[in-house]
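What follows is one structure encoded as C-alpha cells, with my remarks underneath.
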Amino acid sequence: MFGGLTHEPAINLAKHLVDLTPEGLDRVFLADSGSVSVEVALKMAIQYQLGKGHLGKNKFVTIKNGYHGDTFGAMAVCDPVNSMHSLYAGMLPENFFIEAPVSTPNDEFNPKELEELEDTLACRSDTIAAFILEPIVQGAGGMRFYHPEFLQGAKLICEKYDVLLIADEIATGFGRTGKMFACEHAEITPDILCVGKAITGGYMTLAATICTSNVATTISESRAGVLMHGPTFMGNPLACAAANASMELLKTGQWEDQVKNIELILKQELKPASNWQRVTNVRVFGAIGVIEMSENVDVPSIQKQFVANGVWVRPFGKLIYVMPPFVITTNELKQLIHGMLKVVKSL
Ligand code: PMP
C-alpha cells in the first residue's frame, strides 16, 4: 500500500502529470481505476467545501448524457437514463442534471446553453460542491462533441458560486482529442482533473485525480486533515512504471502528428456514410470517429458482420464508433474504416 510510504515510480509519475496537465494542477492522488478516481474527485470536492465551512455543499451538478464510471458515486452523476438509475432507485445519491450543450465545436456557440447552469447554481449552490463533466467530448453517454465556450462559461459560473469544476478526462486525456487534454480546447484549468485509461497506454489499471494547491491545502488544513481515501493498490509501482514509460513516449510529441493523421483519414473516409439513408450523423473529433444511425443497431448481429469483414468494432445504441490506438498505420486505419463502412452500408 501507499500509506506513509512513497517510491520512485510514483514520484516520477506525479512529476510527469504535473508537467503535462494544465497550469495550476499540481497535487496528485493516484487511484486504481477511472471510476475510483471519480469517487476521489467527488470526495475531494465535498471535503474542500467542508474545509471552507460550507457544511451543506455536498451534492453535484452535471450535464445529461455524461458517463463517469460504474461505482455508486460515479453512477450517481452518469446520465440517469443511459445508466439506468431506476435499477438502483433509493440507493443513489440525488444530484442535479442539466441539459447538455448542443452547439458542436464547428457551430457558433449559443450562450443560452449556459443559462440552466447559472439558474441552478443561483438557486441551489448552497447544496452543491462541484460541477462534474467530460470536457468537449461526452464518451460512453452518447459520443457527443460540444463547444469549448460552454466549458469556458461554465468555469466562470462555477467560480462565481464557489462550486468546484471537476473535469473527467478519463477518455479524453493524453491526446485523444488532438490536444494533450480536452480542457485545453477551452483554455481552462479545472479545480480537479480525473485521468485514467491511456495513463499506462492501456497496459495496466491505474488512474489519478489531480487538483489545485488551493483544493489540496483546504482539505489538509480542515478538521479531517487528510483526504479520506486510501485504496490498497493506489500508486502500485508496476502500474506507475508502465505509466512513466507511456509519459516518456507522449513527451516525444509524436502523438500530435499521429492524432492529426487519424483525424484526417477518419474525416475523408467516413464522409460517404453521411449520405446513407439510415445514417443521421457522421462526426470526427481528434482520433474519434462516430457514425450515428437513425435507430439502435442489433449489436450481436452487426458484430458478427464486422468480424466477417476483418474488423472489431463495438457499437452501442445508435452509435458505431472507433477510437483507434495512436500507433495504428494508415493502411490499418483504412482497413478498419472500410470494414466498418461495408457493414453500415448494407444495413
Ligand atoms: N469516466 C469516463 C469519461 C470514462 O470513459 C470511463 C471509462 N469508460 C470512466 C470514467 C470509468 O473508468 P474505469 O472504467 O477505469 O473505471
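Residues in the C-alpha cells are numbered from 1 in each chain, the chains being A, B, ... in the order shown, and ligands are numbered from 1 in the order shown.
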Cut-off 10 Å, only C-alpha atoms and all ligand atoms, neighbours of ligand 1 as a compact mmCIF listing (two decimals) with all heavy atoms, in the first residue's frame:
```
# COMPACT_ATOMS: atom_id res chain seq x y z
N ALA A 31 -4.96 6.55 -8.05
CA ALA A 31 -6.06 5.63 -7.73
C ALA A 31 -5.93 4.42 -8.65
O ALA A 31 -5.07 4.38 -9.53
CB ALA A 31 -7.40 6.33 -7.95
N ASP A 32 -6.78 3.44 -8.42
CA ASP A 32 -6.58 2.19 -9.15
C ASP A 32 -7.47 1.98 -10.36
O ASP A 32 -7.29 1.00 -11.09
CB ASP A 32 -6.65 0.97 -8.21
CG ASP A 32 -7.53 1.21 -7.01
OD1 ASP A 32 -8.26 2.22 -7.01
OD2 ASP A 32 -7.49 0.41 -6.08
N SER A 33 -8.43 2.86 -10.58
CA SER A 33 -9.23 2.76 -11.83
C SER A 33 -9.89 4.11 -12.06
O SER A 33 -9.93 4.95 -11.16
CB SER A 33 -10.30 1.68 -11.72
OG SER A 33 -11.35 2.14 -10.89
N GLY A 34 -10.45 4.28 -13.25
CA GLY A 34 -11.10 5.54 -13.58
C GLY A 34 -12.26 5.83 -12.63
O GLY A 34 -12.37 6.94 -12.10
N SER A 35 -13.11 4.84 -12.40
CA SER A 35 -14.26 5.06 -11.52
C SER A 35 -13.80 5.50 -10.13
O SER A 35 -14.40 6.40 -9.52
CB SER A 35 -15.09 3.77 -11.38
OG SER A 35 -15.56 3.36 -12.64
N VAL A 36 -12.74 4.87 -9.63
CA VAL A 36 -12.25 5.25 -8.29
C VAL A 36 -11.71 6.67 -8.32
O VAL A 36 -11.92 7.44 -7.37
CB VAL A 36 -11.20 4.24 -7.78
CG1 VAL A 36 -10.57 4.72 -6.47
CG2 VAL A 36 -11.83 2.87 -7.58
N SER A 37 -11.06 7.07 -9.41
CA SER A 37 -10.56 8.45 -9.45
C SER A 37 -11.71 9.45 -9.45
O SER A 37 -11.57 10.55 -8.92
CB SER A 37 -9.64 8.67 -10.66
OG SER A 37 -10.38 8.85 -11.83
N VAL A 38 -12.86 9.04 -10.00
CA VAL A 38 -14.05 9.92 -9.95
C VAL A 38 -14.58 9.98 -8.51
O VAL A 38 -14.90 11.05 -7.99
CB VAL A 38 -15.13 9.46 -10.95
CG1 VAL A 38 -16.44 10.20 -10.73
CG2 VAL A 38 -14.65 9.65 -12.38
N GLU A 39 -14.64 8.81 -7.85
CA GLU A 39 -15.07 8.81 -6.44
C GLU A 39 -14.18 9.76 -5.63
O GLU A 39 -14.65 10.53 -4.80
CB GLU A 39 -14.95 7.40 -5.82
CG GLU A 39 -15.81 6.33 -6.46
CD GLU A 39 -17.29 6.51 -6.20
OE1 GLU A 39 -17.68 7.05 -5.15
OE2 GLU A 39 -18.08 6.11 -7.09
N GLY A 66 -23.82 12.23 -19.76
CA GLY A 66 -22.47 12.03 -19.25
C GLY A 66 -22.24 10.58 -18.84
O GLY A 66 -23.19 9.82 -18.61
N TYR A 67 -20.97 10.21 -18.76
CA TYR A 67 -20.61 8.90 -18.21
C TYR A 67 -19.36 9.08 -17.35
O TYR A 67 -18.37 9.68 -17.79
CB TYR A 67 -20.32 7.86 -19.31
CG TYR A 67 -19.87 6.56 -18.71
CD1 TYR A 67 -20.79 5.69 -18.13
CD2 TYR A 67 -18.53 6.23 -18.64
CE1 TYR A 67 -20.38 4.52 -17.51
CE2 TYR A 67 -18.10 5.06 -18.02
CZ TYR A 67 -19.03 4.21 -17.46
OH TYR A 67 -18.62 3.06 -16.83
N HIS A 68 -19.41 8.58 -16.11
CA HIS A 68 -18.27 8.79 -15.20
C HIS A 68 -17.82 7.53 -14.48
O HIS A 68 -16.96 7.62 -13.60
CB HIS A 68 -18.61 9.90 -14.20
CG HIS A 68 -18.86 11.22 -14.85
ND1 HIS A 68 -17.84 12.00 -15.36
CD2 HIS A 68 -20.02 11.88 -15.13
CE1 HIS A 68 -18.37 13.09 -15.90
NE2 HIS A 68 -19.68 13.04 -15.80
N GLY A 69 -18.41 6.38 -14.81
CA GLY A 69 -17.94 5.16 -14.16
C GLY A 69 -19.09 4.38 -13.53
O GLY A 69 -20.23 4.82 -13.51
N ASP A 70 -18.75 3.22 -12.96
CA ASP A 70 -19.77 2.27 -12.53
C ASP A 70 -19.88 2.11 -11.01
O ASP A 70 -20.68 1.30 -10.55
CB ASP A 70 -19.50 0.91 -13.17
CG ASP A 70 -19.82 0.92 -14.66
OD1 ASP A 70 -20.44 1.90 -15.13
OD2 ASP A 70 -19.46 -0.05 -15.36
N THR A 71 -19.05 2.79 -10.23
CA THR A 71 -19.21 2.72 -8.78
C THR A 71 -20.35 3.68 -8.39
O THR A 71 -20.78 4.50 -9.20
CB THR A 71 -17.90 3.13 -8.09
OG1 THR A 71 -17.46 4.35 -8.69
CG2 THR A 71 -16.83 2.07 -8.26
N ALA A 74 -19.95 7.57 -8.79
CA ALA A 74 -19.80 7.88 -10.21
C ALA A 74 -21.11 7.65 -10.95
O ALA A 74 -21.53 8.48 -11.76
CB ALA A 74 -18.68 7.02 -10.81
N MET A 75 -21.80 6.53 -10.64
CA MET A 75 -23.08 6.26 -11.30
C MET A 75 -24.09 7.38 -11.04
O MET A 75 -24.89 7.71 -11.89
CB MET A 75 -23.68 4.96 -10.74
CG MET A 75 -23.36 3.74 -11.54
SD MET A 75 -24.51 2.41 -11.17
CE MET A 75 -24.33 2.16 -9.43
N CYS A 78 -23.77 9.89 -13.65
CA CYS A 78 -23.94 9.45 -15.05
C CYS A 78 -25.34 9.83 -15.51
O CYS A 78 -26.24 10.01 -14.69
CB CYS A 78 -23.85 7.93 -15.16
SG CYS A 78 -22.19 7.27 -14.95
N LEU A 133 -18.13 17.16 -15.33
CA LEU A 133 -18.48 16.85 -16.72
C LEU A 133 -17.25 16.36 -17.47
O LEU A 133 -16.12 16.53 -17.00
CB LEU A 133 -19.11 18.06 -17.42
CG LEU A 133 -18.22 19.19 -17.97
CD1 LEU A 133 -19.09 20.20 -18.71
CD2 LEU A 133 -17.45 19.88 -16.89
N GLU A 134 -17.51 15.74 -18.60
CA GLU A 134 -16.43 15.35 -19.51
C GLU A 134 -16.19 16.55 -20.42
O GLU A 134 -17.12 16.99 -21.10
CB GLU A 134 -16.85 14.15 -20.36
CG GLU A 134 -17.11 12.88 -19.58
CD GLU A 134 -18.13 12.00 -20.29
OE1 GLU A 134 -19.34 12.27 -20.18
OE2 GLU A 134 -17.71 11.06 -20.96
N PRO A 135 -14.98 17.10 -20.46
CA PRO A 135 -14.76 18.28 -21.30
C PRO A 135 -14.80 17.97 -22.80
O PRO A 135 -14.16 17.02 -23.25
CB PRO A 135 -13.39 18.79 -20.87
CG PRO A 135 -12.77 17.71 -20.08
CD PRO A 135 -13.81 16.73 -19.67
N VAL A 137 -15.78 16.29 -25.16
CA VAL A 137 -16.29 15.03 -25.72
C VAL A 137 -17.00 14.24 -24.63
O VAL A 137 -16.39 13.88 -23.62
CB VAL A 137 -15.15 14.17 -26.29
CG1 VAL A 137 -15.67 12.82 -26.76
CG2 VAL A 137 -14.45 14.88 -27.44
N GLN A 138 -18.30 14.00 -24.84
CA GLN A 138 -19.01 13.08 -23.94
C GLN A 138 -18.88 11.70 -24.55
O GLN A 138 -19.28 11.48 -25.70
CB GLN A 138 -20.48 13.48 -23.84
CG GLN A 138 -20.68 14.83 -23.15
CD GLN A 138 -22.15 15.09 -22.88
OE1 GLN A 138 -22.90 15.38 -23.80
NE2 GLN A 138 -22.55 14.96 -21.64
N GLY A 139 -18.32 10.76 -23.81
CA GLY A 139 -18.00 9.45 -24.36
C GLY A 139 -19.16 8.47 -24.28
O GLY A 139 -20.14 8.59 -25.03
N ALA A 140 -19.05 7.51 -23.35
CA ALA A 140 -19.98 6.38 -23.31
C ALA A 140 -21.45 6.80 -23.14
O ALA A 140 -22.35 5.99 -23.36
CB ALA A 140 -19.57 5.43 -22.20
N GLY A 141 -21.72 8.05 -22.79
CA GLY A 141 -23.11 8.51 -22.64
C GLY A 141 -23.68 9.04 -23.94
O GLY A 141 -24.81 9.55 -23.96
N ALA A 167 -13.18 18.08 -14.10
CA ALA A 167 -13.13 17.63 -15.50
C ALA A 167 -12.76 16.16 -15.51
O ALA A 167 -11.70 15.78 -15.01
CB ALA A 167 -12.10 18.45 -16.26
N ASP A 168 -13.64 15.35 -16.07
CA ASP A 168 -13.36 13.91 -16.19
C ASP A 168 -12.74 13.68 -17.57
O ASP A 168 -13.43 13.66 -18.58
CB ASP A 168 -14.67 13.12 -16.02
CG ASP A 168 -14.47 11.63 -16.22
OD1 ASP A 168 -13.37 11.22 -16.66
OD2 ASP A 168 -15.42 10.87 -15.96
N GLU A 169 -11.41 13.54 -17.57
CA GLU A 169 -10.67 13.32 -18.84
C GLU A 169 -10.18 11.88 -18.93
O GLU A 169 -9.14 11.60 -19.54
CB GLU A 169 -9.50 14.31 -18.94
CG GLU A 169 -9.92 15.75 -19.05
CD GLU A 169 -9.35 16.45 -20.28
OE1 GLU A 169 -8.93 15.77 -21.24
OE2 GLU A 169 -9.32 17.69 -20.25
N ILE A 170 -10.93 10.97 -18.32
CA ILE A 170 -10.51 9.56 -18.35
C ILE A 170 -10.50 9.04 -19.78
O ILE A 170 -9.61 8.28 -20.16
CB ILE A 170 -11.42 8.74 -17.41
CG1 ILE A 170 -11.11 9.15 -15.97
CG2 ILE A 170 -11.24 7.24 -17.61
CD1 ILE A 170 -12.16 8.77 -14.96
N ALA A 171 -11.47 9.48 -20.60
CA ALA A 171 -11.48 9.04 -22.00
C ALA A 171 -10.71 10.01 -22.91
O ALA A 171 -10.14 9.60 -23.91
CB ALA A 171 -12.92 8.90 -22.49
N THR A 172 -10.72 11.31 -22.57
CA THR A 172 -10.16 12.30 -23.49
C THR A 172 -8.68 12.61 -23.25
O THR A 172 -8.02 13.18 -24.12
CB THR A 172 -10.94 13.63 -23.39
OG1 THR A 172 -11.02 14.00 -22.01
CG2 THR A 172 -12.33 13.52 -23.97
N GLY A 173 -8.18 12.27 -22.07
CA GLY A 173 -6.82 12.68 -21.68
C GLY A 173 -5.74 12.06 -22.54
O GLY A 173 -5.93 11.03 -23.18
N CYS A 194 -9.68 14.28 -13.56
CA CYS A 194 -9.54 12.82 -13.44
C CYS A 194 -8.92 12.29 -14.72
O CYS A 194 -9.37 12.63 -15.82
CB CYS A 194 -10.91 12.14 -13.29
SG CYS A 194 -11.77 12.64 -11.82
N VAL A 195 -7.90 11.44 -14.58
CA VAL A 195 -7.31 10.78 -15.75
C VAL A 195 -7.21 9.28 -15.47
O VAL A 195 -7.12 8.86 -14.31
CB VAL A 195 -5.92 11.35 -16.12
CG1 VAL A 195 -6.01 12.78 -16.60
CG2 VAL A 195 -4.93 11.24 -14.96
N GLY A 196 -7.23 8.49 -16.53
CA GLY A 196 -7.13 7.03 -16.36
C GLY A 196 -6.78 6.42 -17.70
O GLY A 196 -5.97 6.98 -18.44
N LYS A 197 -7.45 5.33 -18.04
CA LYS A 197 -7.29 4.65 -19.33
C LYS A 197 -5.88 4.74 -19.92
O LYS A 197 -5.05 3.91 -19.64
CB LYS A 197 -8.29 5.23 -20.35
CG LYS A 197 -9.72 4.76 -20.15
CD LYS A 197 -10.55 5.17 -21.35
CE LYS A 197 -12.03 5.06 -21.13
NZ LYS A 197 -12.55 3.70 -21.23
N ALA A 198 -5.64 5.77 -20.77
CA ALA A 198 -4.39 5.86 -21.52
C ALA A 198 -3.19 6.22 -20.65
O ALA A 198 -2.07 6.28 -21.15
CB ALA A 198 -4.53 6.89 -22.64
N THR A 205 -4.02 -1.27 -14.97
CA THR A 205 -5.04 -0.40 -14.41
C THR A 205 -4.40 0.62 -13.46
O THR A 205 -3.65 0.26 -12.54
CB THR A 205 -6.16 -1.22 -13.72
OG1 THR A 205 -7.08 -0.30 -13.14
CG2 THR A 205 -5.64 -2.16 -12.66
N LEU A 206 -4.67 1.88 -13.75
CA LEU A 206 -4.16 2.99 -12.92
C LEU A 206 -4.94 4.24 -13.32
O LEU A 206 -5.38 4.36 -14.47
CB LEU A 206 -2.66 3.22 -13.15
CG LEU A 206 -1.99 4.28 -12.26
CD1 LEU A 206 -1.88 3.79 -10.82
CD2 LEU A 206 -0.59 4.64 -12.77
N ALA A 207 -5.11 5.14 -12.39
CA ALA A 207 -5.78 6.42 -12.68
C ALA A 207 -5.24 7.45 -11.70
O ALA A 207 -4.50 7.11 -10.77
CB ALA A 207 -7.29 6.26 -12.52
```
query = Can you list every residue in region 32-92 of chain A that DSSP puts in strand (DSSP E), as JSON, numbers by chain?
reply = {"A": [59, 60, 61, 62, 63]}
Can you write out the residues you just picked, keeping C-alpha atoms, as an mmCIF file, in the first residue's frame?
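Dumped everything to selection-v4.cif:
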```
data_model
loop_
_atom_site.group_PDB
_atom_site.id
_atom_site.type_symbol
_atom_site.label_atom_id
_atom_site.label_comp_id
_atom_site.auth_asym_id
_atom_site.auth_seq_id
_atom_site.Cartn_x
_atom_site.Cartn_y
_atom_site.Cartn_z
ATOM 1 C CA LYS A 59 -24.319 17.422 -3.975
ATOM 2 C CA PHE A 60 -23.198 17.639 -7.597
ATOM 3 C CA VAL A 61 -24.453 19.167 -10.781
ATOM 4 C CA THR A 62 -23.709 17.573 -14.125
ATOM 5 C CA ILE A 63 -24.887 17.549 -17.740
#
```
I'd like the contact shell of region 275-286 of chain A - 6 Å cut-off, only C-alpha atoms, skipping same-chain residues fewer than 3 positions apart - returned as a short mmCIF file (atom, residue, chain, number, x, y, z; two decimals) with N, CA and C atoms, in the first residue's frame.
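Result file is out.cif:
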```
data_model
loop_
_atom_site.label_atom_id
_atom_site.label_comp_id
_atom_site.auth_asym_id
_atom_site.auth_seq_id
_atom_site.Cartn_x
_atom_site.Cartn_y
_atom_site.Cartn_z
N ARG A 176 -6.13 12.30 -27.03
CA ARG A 176 -7.22 11.71 -27.85
C ARG A 176 -7.98 12.74 -28.69
N THR A 177 -8.14 13.97 -28.17
CA THR A 177 -8.95 14.96 -28.91
C THR A 177 -8.08 15.90 -29.75
N GLY A 178 -6.78 15.60 -29.83
CA GLY A 178 -5.89 16.47 -30.62
C GLY A 178 -5.12 17.45 -29.74
N GLU A 263 -7.24 11.76 -37.58
CA GLU A 263 -8.40 12.65 -37.74
C GLU A 263 -8.67 12.91 -39.23
N PRO A 272 -18.48 9.44 -46.98
CA PRO A 272 -19.57 8.91 -47.81
C PRO A 272 -20.76 8.44 -46.98
N GLY A 289 -13.97 8.70 -34.22
CA GLY A 289 -14.88 8.75 -35.37
C GLY A 289 -16.20 8.09 -35.00
N VAL A 290 -17.31 8.77 -35.32
CA VAL A 290 -18.63 8.28 -34.91
C VAL A 290 -19.59 8.29 -36.09
N ILE A 291 -20.31 7.18 -36.27
CA ILE A 291 -21.43 7.15 -37.20
C ILE A 291 -22.68 6.96 -36.36
N GLU A 292 -23.61 7.91 -36.45
CA GLU A 292 -24.85 7.78 -35.68
C GLU A 292 -25.97 7.32 -36.61
N MET A 293 -26.65 6.26 -36.23
CA MET A 293 -27.71 5.68 -37.06
C MET A 293 -29.07 6.23 -36.62
N SER A 294 -30.09 6.03 -37.45
CA SER A 294 -31.41 6.53 -37.09
C SER A 294 -32.07 5.66 -36.01
#
```
Surrounding residues of Pro101 (chain A) excluding itself and chain neighbours under 5 positions, 8 Å, only C-alpha atoms, as a count of residues only = 5
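Closest approach to Leu17 (chain A) from the set A:Ile210, A:Met228, A:Leu336, A:Ala41 is made by A:Ile210, with distances taken over only C-alpha atoms.
Comparing A:Ile46, A:Ala10, A:Val327, A:Ala308 by their smallest distance to Leu249 (chain A), the closest is A:Val327 (using only C-alpha atoms).
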ask   = For Met323 (chain A), which of A:Leu227, A:Asp257, A:Gly175, A:Pro300 is the closest residue, counting only C-alpha atoms?
value =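 Distance minimum relative to Met323 (chain A) lands on A:Gly175.
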key: Between CA of Leu13 (chain A) and CA of Ala239 (chain A) - distance in Å to one decimal   = 10.0 Å
